[in-house]
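Raw contents of coords_14.cif, mmCIF, C-alpha atoms and all ligand atoms:
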```cif
data_start
loop_
_atom_site.group_PDB
_atom_site.id
_atom_site.type_symbol
_atom_site.label_atom_id
_atom_site.label_comp_id
_atom_site.auth_asym_id
_atom_site.auth_seq_id
_atom_site.Cartn_x
_atom_site.Cartn_y
_atom_site.Cartn_z
ATOM 1 C CA MET H 22 3.128 14.559 29.553
ATOM 2 C CA GLU H 23 6.436 13.684 27.938
ATOM 3 C CA PHE H 24 6.629 13.304 24.181
ATOM 4 C CA ILE H 25 9.621 11.344 22.922
ATOM 5 C CA TYR H 26 10.487 11.566 19.245
ATOM 6 C CA PHE H 27 13.173 12.547 16.771
ATOM 7 C CA ALA H 28 13.756 16.211 15.955
ATOM 8 C CA VAL H 29 11.679 15.958 12.776
ATOM 9 C CA LYS H 30 8.043 16.578 11.919
ATOM 10 C CA GLY H 31 7.432 13.058 10.589
ATOM 11 C CA ARG H 32 4.935 10.978 12.557
ATOM 12 C CA GLY H 33 5.240 13.357 15.475
ATOM 13 C CA GLU H 34 3.711 16.443 13.955
ATOM 14 C CA THR H 35 0.034 15.484 14.191
ATOM 15 C CA ILE H 36 0.579 14.722 17.887
ATOM 16 C CA ARG H 37 2.343 18.046 18.448
ATOM 17 C CA LEU H 38 -0.478 19.853 16.620
ATOM 18 C CA ILE H 39 -3.174 18.231 18.759
ATOM 19 C CA MET H 40 -1.311 19.096 21.950
ATOM 20 C CA ALA H 41 -0.583 22.665 20.848
ATOM 21 C CA ASP H 42 -4.173 23.361 19.796
ATOM 22 C CA ASN H 43 -5.684 21.851 22.944
ATOM 23 C CA ASN H 44 -3.486 23.408 25.636
ATOM 24 C CA VAL H 45 -1.758 20.182 26.605
ATOM 25 C CA SER H 46 1.303 20.900 28.661
ATOM 26 C CA PHE H 47 4.160 18.631 27.644
ATOM 27 C CA THR H 48 7.906 18.366 27.439
ATOM 28 C CA GLU H 49 9.600 17.014 24.366
ATOM 29 C CA THR H 50 12.584 14.656 24.511
ATOM 30 C CA ASN H 51 14.688 14.147 21.391
ATOM 31 C CA CYS H 52 15.519 10.441 21.163
ATOM 32 C CA GLY H 53 17.697 10.915 18.093
ATOM 33 C CA SER H 54 21.092 11.393 19.673
ATOM 34 C CA ASN H 55 21.605 7.880 21.070
ATOM 35 C CA TRP H 56 18.708 6.126 19.355
ATOM 36 C CA THR H 57 20.042 2.638 18.675
ATOM 37 C CA ALA H 58 21.870 2.014 21.938
ATOM 38 C CA GLU H 59 19.681 3.889 24.400
ATOM 39 C CA TRP H 60 16.197 4.547 23.109
ATOM 40 C CA LYS H 61 15.247 1.837 20.641
ATOM 41 C CA PRO H 62 15.514 -0.975 23.234
ATOM 42 C CA LYS H 63 13.168 0.985 25.530
ATOM 43 C CA MET H 64 10.397 1.277 22.921
ATOM 44 C CA ALA H 65 7.805 -1.518 23.039
ATOM 45 C CA PHE H 66 8.019 -2.064 19.261
ATOM 46 C CA GLY H 67 11.472 -0.574 18.696
ATOM 47 C CA GLN H 68 10.124 2.650 17.230
ATOM 48 C CA ALA H 69 9.157 6.191 18.195
ATOM 49 C CA PRO H 70 7.029 8.306 18.729
ATOM 50 C CA CYS H 71 6.262 7.599 22.379
ATOM 51 C CA LEU H 72 4.026 9.509 24.769
ATOM 52 C CA LYS H 73 4.202 9.213 28.534
ATOM 53 C CA ASP H 74 0.993 10.285 30.218
ATOM 54 C CA GLY H 75 0.959 9.475 33.919
ATOM 55 C CA ASP H 76 1.072 5.683 34.264
ATOM 56 C CA LEU H 77 0.687 5.165 30.509
ATOM 57 C CA THR H 78 3.637 4.747 28.173
ATOM 58 C CA LEU H 79 2.258 4.708 24.652
ATOM 59 C CA VAL H 80 3.844 3.933 21.290
ATOM 60 C CA GLN H 81 2.300 3.847 17.789
ATOM 61 C CA SER H 82 1.421 7.308 16.517
ATOM 62 C CA ASN H 83 -2.232 6.453 15.884
ATOM 63 C CA THR H 84 -2.622 4.963 19.373
ATOM 64 C CA ILE H 85 -1.208 8.184 20.811
ATOM 65 C CA ILE H 86 -3.493 10.285 18.596
ATOM 66 C CA ARG H 87 -6.575 8.285 19.635
ATOM 67 C CA HIS H 88 -5.603 8.397 23.323
ATOM 68 C CA LEU H 89 -5.392 12.186 23.091
ATOM 69 C CA ALA H 90 -8.681 12.265 21.190
ATOM 70 C CA ARG H 91 -10.515 10.350 23.955
ATOM 71 C CA LYS H 92 -8.915 12.460 26.634
ATOM 72 C CA LEU H 93 -9.520 15.813 24.949
ATOM 73 C CA ASP H 94 -13.023 15.178 23.609
ATOM 74 C CA LEU H 95 -11.845 15.075 19.999
ATOM 75 C CA TYR H 96 -13.548 11.797 19.075
ATOM 76 C CA GLY H 97 -16.955 13.091 17.954
ATOM 77 C CA ALA H 98 -20.288 13.165 19.754
ATOM 78 C CA ASP H 99 -21.520 9.659 18.961
ATOM 79 C CA GLU H 100 -20.591 6.365 17.283
ATOM 80 C CA SER H 101 -21.374 7.658 13.815
ATOM 81 C CA GLU H 102 -19.061 10.667 14.248
ATOM 82 C CA ALA H 103 -16.343 8.507 15.830
ATOM 83 C CA CYS H 104 -16.478 6.136 12.845
ATOM 84 C CA ARG H 105 -16.323 9.028 10.380
ATOM 85 C CA ALA H 106 -13.224 10.339 12.149
ATOM 86 C CA ASP H 107 -11.691 6.834 12.197
ATOM 87 C CA ILE H 108 -12.289 6.366 8.469
ATOM 88 C CA VAL H 109 -10.498 9.597 7.663
ATOM 89 C CA ASN H 110 -7.652 8.881 10.081
ATOM 90 C CA ASP H 111 -7.108 5.370 8.703
ATOM 91 C CA SER H 112 -7.192 6.723 5.161
ATOM 92 C CA VAL H 113 -4.623 9.327 6.171
ATOM 93 C CA GLU H 114 -2.482 6.470 7.475
ATOM 94 C CA ASP H 115 -2.717 4.737 4.064
ATOM 95 C CA LEU H 116 -1.684 7.934 2.303
ATOM 96 C CA ARG H 117 1.116 8.541 4.805
ATOM 97 C CA SER H 118 2.471 4.992 4.387
ATOM 98 C CA GLY H 119 2.834 5.562 0.643
ATOM 99 C CA TYR H 120 4.453 8.942 1.268
ATOM 100 C CA VAL H 121 6.927 7.483 3.797
ATOM 101 C CA ASN H 122 7.783 4.716 1.347
ATOM 102 C CA LEU H 123 8.500 7.315 -1.347
ATOM 103 C CA ILE H 124 10.579 9.528 0.954
ATOM 104 C CA TYR H 125 12.715 6.803 2.491
ATOM 105 C CA LYS H 126 12.892 4.168 -0.238
ATOM 106 C CA ASN H 127 12.205 5.533 -3.674
ATOM 107 C CA TYR H 128 12.416 9.329 -3.741
ATOM 108 C CA GLU H 129 14.431 10.028 -6.882
ATOM 109 C CA ALA H 130 12.998 7.221 -9.002
ATOM 110 C CA GLY H 131 9.434 7.400 -7.680
ATOM 111 C CA LYS H 132 8.663 11.083 -7.167
ATOM 112 C CA GLU H 133 7.237 11.836 -10.606
ATOM 113 C CA ASP H 134 4.898 8.827 -10.647
ATOM 114 C CA TYR H 135 3.868 9.450 -7.045
ATOM 115 C CA ILE H 136 2.824 13.020 -7.872
ATOM 116 C CA LYS H 137 0.949 11.814 -10.962
ATOM 117 C CA ALA H 138 -1.006 9.321 -8.866
ATOM 118 C CA LEU H 139 -1.728 11.795 -6.062
ATOM 119 C CA PRO H 140 -4.932 13.460 -7.405
ATOM 120 C CA ALA H 141 -6.733 10.105 -7.545
ATOM 121 C CA LYS H 142 -5.924 9.592 -3.863
ATOM 122 C CA LEU H 143 -6.836 13.116 -2.781
ATOM 123 C CA GLU H 144 -10.145 12.904 -4.642
ATOM 124 C CA TYR H 145 -11.371 10.302 -2.148
ATOM 125 C CA PHE H 146 -10.754 12.723 0.712
ATOM 126 C CA GLU H 147 -12.378 15.590 -1.215
ATOM 127 C CA ASN H 148 -15.525 13.546 -1.816
ATOM 128 C CA PHE H 149 -15.666 12.044 1.640
ATOM 129 C CA ILE H 150 -15.433 15.305 3.575
ATOM 130 C CA LYS H 151 -17.389 17.632 1.280
ATOM 131 C CA ASP H 152 -20.808 17.298 2.935
ATOM 132 C CA LYS H 153 -19.574 18.820 6.209
ATOM 133 C CA SER H 154 -17.562 21.954 6.904
ATOM 134 C CA PRO H 155 -15.343 23.483 8.015
ATOM 135 C CA TYR H 156 -14.098 20.295 9.705
ATOM 136 C CA ILE H 157 -14.632 16.590 9.061
ATOM 137 C CA LEU H 158 -17.491 16.417 11.565
ATOM 138 C CA GLY H 159 -18.803 19.946 10.957
ATOM 139 C CA ASP H 160 -18.281 22.749 13.466
ATOM 140 C CA LYS H 161 -16.299 20.867 16.071
ATOM 141 C CA ILE H 162 -12.748 19.769 15.369
ATOM 142 C CA CYS H 163 -11.785 16.106 15.844
ATOM 143 C CA PHE H 164 -8.479 14.210 15.913
ATOM 144 C CA ALA H 165 -8.674 13.240 12.243
ATOM 145 C CA ASP H 166 -8.743 16.913 11.244
ATOM 146 C CA TYR H 167 -5.218 17.267 12.593
ATOM 147 C CA SER H 168 -4.052 14.061 10.861
ATOM 148 C CA LEU H 169 -5.546 15.110 7.545
ATOM 149 C CA PHE H 170 -4.151 18.633 7.862
ATOM 150 C CA ASP H 171 -0.656 17.313 8.548
ATOM 151 C CA VAL H 172 -0.644 14.824 5.687
ATOM 152 C CA LEU H 173 -1.886 17.553 3.314
ATOM 153 C CA ASP H 174 0.818 19.842 4.663
ATOM 154 C CA VAL H 175 3.635 17.468 3.740
ATOM 155 C CA HIS H 176 2.078 16.814 0.330
ATOM 156 C CA LEU H 177 1.898 20.550 -0.340
ATOM 157 C CA ILE H 178 5.663 20.642 0.155
ATOM 158 C CA LEU H 179 6.149 17.711 -2.218
ATOM 159 C CA ALA H 180 3.632 18.960 -4.799
ATOM 160 C CA PRO H 181 2.711 22.612 -4.120
ATOM 161 C CA SER H 182 -0.288 22.673 -6.481
ATOM 162 C CA CYS H 183 -1.775 19.364 -5.318
ATOM 163 C CA LEU H 184 -4.876 20.991 -3.770
ATOM 164 C CA ASP H 185 -5.621 23.312 -6.679
ATOM 165 C CA THR H 186 -8.316 21.065 -8.113
ATOM 166 C CA PHE H 187 -9.816 20.214 -4.710
ATOM 167 C CA PRO H 188 -11.774 23.186 -3.347
ATOM 168 C CA THR H 189 -13.077 21.368 -0.276
ATOM 169 C CA LEU H 190 -9.625 20.196 0.766
ATOM 170 C CA LYS H 191 -8.245 23.677 0.146
ATOM 171 C CA THR H 192 -10.902 25.256 2.371
ATOM 172 C CA PHE H 193 -10.416 22.545 4.986
ATOM 173 C CA TYR H 194 -6.629 23.080 5.013
ATOM 174 C CA ALA H 195 -7.105 26.835 5.422
ATOM 175 C CA ALA H 196 -9.645 26.361 8.233
ATOM 176 C CA VAL H 197 -7.362 24.153 10.342
ATOM 177 C CA GLY H 198 -4.296 26.248 9.530
ATOM 178 C CA SER H 199 -5.993 29.462 10.626
ATOM 179 C CA ARG H 200 -6.904 28.213 14.106
ATOM 180 C CA PRO H 201 -4.989 30.621 16.368
ATOM 181 C CA LYS H 202 -3.030 27.990 18.316
ATOM 182 C CA VAL H 203 -2.269 25.932 15.210
ATOM 183 C CA LYS H 204 -1.047 29.109 13.533
ATOM 184 C CA ALA H 205 1.090 30.086 16.541
ATOM 185 C CA HIS H 206 2.612 26.596 16.664
ATOM 186 C CA ARG H 207 3.454 26.721 12.967
ATOM 187 C CA GLU H 208 4.966 30.186 13.324
ATOM 188 C CA SER H 209 7.279 29.059 16.138
ATOM 189 C CA ASP H 210 11.031 28.790 15.545
ATOM 190 C CA ALA H 211 10.906 25.156 16.672
ATOM 191 C CA PHE H 212 8.396 24.312 13.923
ATOM 192 C CA LYS H 213 10.111 26.348 11.230
ATOM 193 C CA SER H 214 13.545 24.900 11.893
ATOM 194 C CA MET H 215 12.425 21.283 12.197
ATOM 195 C CA PRO H 216 13.040 19.089 9.120
ATOM 196 C CA VAL H 217 10.003 17.386 7.606
ATOM 197 C CA ASN H 218 11.667 13.973 7.439
ATOM 198 C CA GLY H 219 14.724 12.273 8.873
ATOM 199 C CA ASN H 220 16.654 11.946 5.601
ATOM 200 C CA GLY H 221 16.365 15.551 4.391
ATOM 201 C CA LYS H 222 13.954 14.642 1.555
ATOM 202 C CA GLN H 223 10.571 16.305 1.368
HETATM 203 N N1 LIG B 301 3.590 2.452 12.986
HETATM 204 C C1 LIG B 301 4.527 3.261 13.727
HETATM 205 C C2 LIG B 301 5.705 3.608 12.857
HETATM 206 C C3 LIG B 301 6.758 4.335 13.672
HETATM 207 C C4 LIG B 301 8.007 4.623 12.881
HETATM 208 O O1 LIG B 301 8.108 4.319 11.665
HETATM 209 N N2 LIG B 301 8.938 5.238 13.564
HETATM 210 C C5 LIG B 301 10.217 5.571 12.955
HETATM 211 C C6 LIG B 301 10.382 7.088 12.931
HETATM 212 S S1 LIG B 301 9.015 7.885 12.126
HETATM 213 C C7 LIG B 301 11.330 5.007 13.812
HETATM 214 O O2 LIG B 301 11.202 4.868 15.017
HETATM 215 N N3 LIG B 301 12.458 4.720 13.164
HETATM 216 C C8 LIG B 301 13.626 4.204 13.829
HETATM 217 C C9 LIG B 301 13.715 2.715 13.811
HETATM 218 O O3 LIG B 301 12.824 2.029 13.272
HETATM 219 O O4 LIG B 301 14.701 2.203 14.361
HETATM 220 C C10 LIG B 301 3.811 4.534 14.238
HETATM 221 O O5 LIG B 301 2.857 4.956 13.585
HETATM 222 O O6 LIG B 301 4.224 5.065 15.271
#
```

Go through the file and emit its structure as structure tokens.
Amino acid sequence: MEFIYFAVKGRGETIRLIMADNNVSFTETNCGSNWTAEWKPKMAFGQAPCLKDGDLTLVQSNTIIRHLARKLDLYGADESEACRADIVNDSVEDLRSGYVNLIYKNYEAGKEDYIKALPAKLEYFENFIKDKSPYILGDKICFADYSLFDVLDVHLILAPSCLDTFPTLKTFYAAVGSRPKVKAHRESDAFKSMPVNGNGKQ
């Protein structure tokens, strides 16, 4: 597979995490150097990330995530589990949209209020996932575990104590983070040197 994205964590990191933890062999192409003239016109909706998998050229991060989930058996065992994973993933998308808006449009003026409003948002995740452990569906990891882990990861950078009042989320974050291949990925130089976002704010 070929993964095409900017040299930032951003909307690419959940995809990288899924591939790293599930032995997907892929090359990564940085589309940042000549984005506007070369790459943007090639993207179906003018944006990255993009994943090429055989005959498929996919854009939209959540489409890519779900494609990988179907391919790698990360979409739960039945309809009920698939829906539970979808609910978490779509809720992660809502949280991420607010975060992206803060980072790119309102960082200085909005940071304090954003952090104040964060516990009310995280509480939904805490309550939703607390009847199963260590992962969203129980023993077997699913695609939404990686999405939730990544969005918690960026929020822990923004607000380091944000999980302190959420024991389930804290345990969940530790469980995903301690998976050997997730850990190895996060200890790599590539991960450590990659900025969280494209504008240097985090
Ligand atoms: N809904 C899209 C959003 C993609 C997106 O916002 N991509 C940004 C980088 S994270 C981008 O391509 N920015 C450059 C541009 O819009 O020209 C997804 O989830 O993939």

Quiz item: What's the 12 Å shell around range 186-191 of chain H, counting only C-alpha atoms, without same-chain residues fewer than 5 positions away, as a PyMOL selection string?
Solution: chain H and resi 139-157+166+169-170+172-174+177+181+196-198

Build an axis-aligned box that encloses every atom of range 210-214 of chain H listed in the file, pad it by 4 Å on each side, and report its centre and edge lengths in Å to one decimal, as JSON.
```
{"center_x": 11.0, "center_y": 26.6, "center_z": 14.0, "size_x": 13.1, "size_y": 12.5, "size_z": 13.4}
```

Which residues of chain H have any atom within 10 Å of an atom in ligand LIG 301 (chain B) when counting only C-alpha atoms and all ligand atoms, and what is the closest pair of atoms for each, with the distance in Å to one decimal? Order the rows by chain and rising number and write it as a tab-separated table.
```
residue	atom	partner	partner_atom	distance
H:Tyr26	CA	B:LIG301	C6	7.7
H:Phe27	CA	B:LIG301	C6	7.2
H:Val29	CA	B:LIG301	S1	8.5
H:Lys30	CA	B:LIG301	S1	8.7
H:Gly31	CA	B:LIG301	S1	5.6
H:Arg32	CA	B:LIG301	S1	5.1
H:Gly33	CA	B:LIG301	S1	7.4
H:Cys52	CA	B:LIG301	O2	9.4
H:Gly53	CA	B:LIG301	C8	8.9
H:Trp56	CA	B:LIG301	O4	7.5
H:Thr57	CA	B:LIG301	O4	6.9
H:Trp60	CA	B:LIG301	O4	9.2
H:Lys61	CA	B:LIG301	O4	6.3
H:Pro62	CA	B:LIG301	O4	9.5
H:Met64	CA	B:LIG301	O2	8.7
H:Phe66	CA	B:LIG301	C1	8.4
H:Gly67	CA	B:LIG301	O4	6.1
H:Gln68	CA	B:LIG301	O2	3.3
H:Ala69	CA	B:LIG301	O2	4.0
H:Pro70	CA	B:LIG301	O6	5.5
H:Cys71	CA	B:LIG301	O6	7.8
H:Leu79	CA	B:LIG301	O6	9.6
H:Val80	CA	B:LIG301	O6	6.1
H:Gln81	CA	B:LIG301	O6	3.4
H:Ser82	CA	B:LIG301	O6	3.8
H:Asn83	CA	B:LIG301	O5	5.8
H:Thr84	CA	B:LIG301	O5	8.0
H:Ile85	CA	B:LIG301	O6	8.4
H:Ile86	CA	B:LIG301	O5	9.7
H:Glu114	CA	B:LIG301	O5	8.3
H:Arg117	CA	B:LIG301	O5	9.6
H:Ser118	CA	B:LIG301	N1	9.0
H:Val121	CA	B:LIG301	O1	8.6
H:Asn218	CA	B:LIG301	S1	8.1
H:Gly219	CA	B:LIG301	C6	7.9
```

Residues of the last selection are to be written out with C-alpha atoms, as a JSON list (two decimals), keeping the file's coordinate frame.
```json
[["chain", "number", "residue", "atom", "x", "y", "z"],
["H", 26, "TYR", "CA", 10.49, 11.57, 19.24],
["H", 27, "PHE", "CA", 13.17, 12.55, 16.77],
["H", 29, "VAL", "CA", 11.68, 15.96, 12.78],
["H", 30, "LYS", "CA", 8.04, 16.58, 11.92],
["H", 31, "GLY", "CA", 7.43, 13.06, 10.59],
["H", 32, "ARG", "CA", 4.93, 10.98, 12.56],
["H", 33, "GLY", "CA", 5.24, 13.36, 15.48],
["H", 52, "CYS", "CA", 15.52, 10.44, 21.16],
["H", 53, "GLY", "CA", 17.70, 10.92, 18.09],
["H", 56, "TRP", "CA", 18.71, 6.13, 19.36],
["H", 57, "THR", "CA", 20.04, 2.64, 18.68],
["H", 60, "TRP", "CA", 16.20, 4.55, 23.11],
["H", 61, "LYS", "CA", 15.25, 1.84, 20.64],
["H", 62, "PRO", "CA", 15.51, -0.98, 23.23],
["H", 64, "MET", "CA", 10.40, 1.28, 22.92],
["H", 66, "PHE", "CA", 8.02, -2.06, 19.26],
["H", 67, "GLY", "CA", 11.47, -0.57, 18.70],
["H", 68, "GLN", "CA", 10.12, 2.65, 17.23],
["H", 69, "ALA", "CA", 9.16, 6.19, 18.20],
["H", 70, "PRO", "CA", 7.03, 8.31, 18.73],
["H", 71, "CYS", "CA", 6.26, 7.60, 22.38],
["H", 79, "LEU", "CA", 2.26, 4.71, 24.65],
["H", 80, "VAL", "CA", 3.84, 3.93, 21.29],
["H", 81, "GLN", "CA", 2.30, 3.85, 17.79],
["H", 82, "SER", "CA", 1.42, 7.31, 16.52],
["H", 83, "ASN", "CA", -2.23, 6.45, 15.88],
["H", 84, "THR", "CA", -2.62, 4.96, 19.37],
["H", 85, "ILE", "CA", -1.21, 8.18, 20.81],
["H", 86, "ILE", "CA", -3.49, 10.28, 18.60],
["H", 114, "GLU", "CA", -2.48, 6.47, 7.48],
["H", 117, "ARG", "CA", 1.12, 8.54, 4.80],
["H", 118, "SER", "CA", 2.47, 4.99, 4.39],
["H", 121, "VAL", "CA", 6.93, 7.48, 3.80],
["H", 218, "ASN", "CA", 11.67, 13.97, 7.44],
["H", 219, "GLY", "CA", 14.72, 12.27, 8.87]]
```

Quiz item: For Arg91 in chain H, which of H:Leu38, H:Phe164, H:Arg200, H:Gly131 is the closest residue, counting only C-alpha atoms?
Solution: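 Looking only at the distances to Arg91 in chain H, the closest residue turns out to be H:Phe164.
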
Self-check item: Counting only C-alpha atoms, the residue of H:Val45, H:Ser214, H:Leu77, H:Lys222 that sits nearest Lys132 in chain H
Solution: H:Lys222

Quiz item: How far is it from CA of Val203 in chain H to CA of Leu116 in chain H, in Å with one decimal?
Solution: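 That distance, rounded to one decimal, is 22.2 Å.
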
Exercise. Have a look at CA of Asp171 in chain H and CA of Gly75 in chain H and let me know their distance in Å, one decimal.
Key: 26.6 Å

Practice problem: Compare H:Thr78, H:Ser168, H:Ser199, H:Asn220 by their minimum atom-to-atom distance to Arg37 in chain H, counting all atoms listed in the file, and give me the closest one. | Solution: H:Ser168

Quiz item: Using all atoms listed in the file, which of the listed residues (H:Ile39, H:Ala180, H:Ala90, H:Leu95) sits closest to Tyr120 in chain H?
Solution: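 Nearest to Tyr120 in chain H: H:Ala180.
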
Quiz item: Could you state the separation of CA of Gly159 in chain H and CA of Ile178 in chain H in Å, given to one decimal place?
Solution: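 Between CA of Gly159 in chain H and CA of Ile178 in chain H the gap is 26.8 Å.
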
Exercise. Tell me which protein, DNA and RNA residues are within 8 Å of Glu23 in chain H, counting all atoms listed in the file, leaving out same-chain ones fewer than 3 positions away, and put them as a PyMOL selection string.
Key: chain H and resi 47-50+72-74

Quiz item: With distances taken over only C-alpha atoms, which of H:Cys183, H:Val217, H:Ala106, H:Met22 is nearest to Ile162 in chain H?
Solution: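 Of H:Cys183, H:Val217, H:Ala106, H:Met22, the one nearest Ile162 in chain H, counting only C-alpha atoms, is H:Ala106.
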
Practice problem: Name the closest residue to Leu89 in chain H among the candidates H:Glu129, H:Asp42, H:Asp160, H:Glu208; distances are taken between atoms, counting all atoms listed in the file. | Solution: H:Asp42

From the structure block, carefully write range 182-195 of chain H out with N, CA and C atoms; format it as a short mmCIF file (atom, residue, chain, number, x, y, z; two decimals), in the first residue's frame.
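The new file out.cif reads:
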```cif
data_model
loop_
_atom_site.label_atom_id
_atom_site.label_comp_id
_atom_site.auth_asym_id
_atom_site.auth_seq_id
_atom_site.Cartn_x
_atom_site.Cartn_y
_atom_site.Cartn_z
N SER H 182 -3.60 17.00 31.94
CA SER H 182 -4.33 16.32 33.03
C SER H 182 -5.75 15.96 32.62
N CYS H 183 -6.05 16.00 31.33
CA CYS H 183 -7.46 15.87 30.91
C CYS H 183 -8.07 14.50 31.22
N LEU H 184 -7.24 13.47 31.43
CA LEU H 184 -7.81 12.15 31.74
C LEU H 184 -7.85 11.85 33.23
N ASP H 185 -7.35 12.78 34.03
CA ASP H 185 -7.21 12.49 35.47
C ASP H 185 -8.52 12.13 36.16
N THR H 186 -9.61 12.68 35.69
CA THR H 186 -10.89 12.37 36.34
C THR H 186 -11.67 11.27 35.58
N PHE H 187 -11.00 10.62 34.64
CA PHE H 187 -11.68 9.60 33.84
C PHE H 187 -10.92 8.27 33.88
N PRO H 188 -11.16 7.47 34.93
CA PRO H 188 -10.36 6.26 35.11
C PRO H 188 -10.48 5.26 33.95
N THR H 189 -11.67 5.16 33.37
CA THR H 189 -11.83 4.20 32.27
C THR H 189 -11.01 4.63 31.06
N LEU H 190 -11.08 5.91 30.74
CA LEU H 190 -10.32 6.42 29.59
C LEU H 190 -8.82 6.29 29.84
N LYS H 191 -8.42 6.50 31.07
CA LYS H 191 -7.00 6.39 31.42
C LYS H 191 -6.51 4.95 31.22
N THR H 192 -7.31 4.00 31.69
CA THR H 192 -6.95 2.59 31.54
C THR H 192 -6.97 2.19 30.06
N PHE H 193 -7.98 2.68 29.36
CA PHE H 193 -8.08 2.39 27.92
C PHE H 193 -6.83 2.92 27.19
N TYR H 194 -6.47 4.16 27.48
CA TYR H 194 -5.32 4.80 26.81
C TYR H 194 -4.04 3.98 27.08
N ALA H 195 -3.89 3.54 28.32
CA ALA H 195 -2.71 2.75 28.68
C ALA H 195 -2.72 1.40 27.97
#
```
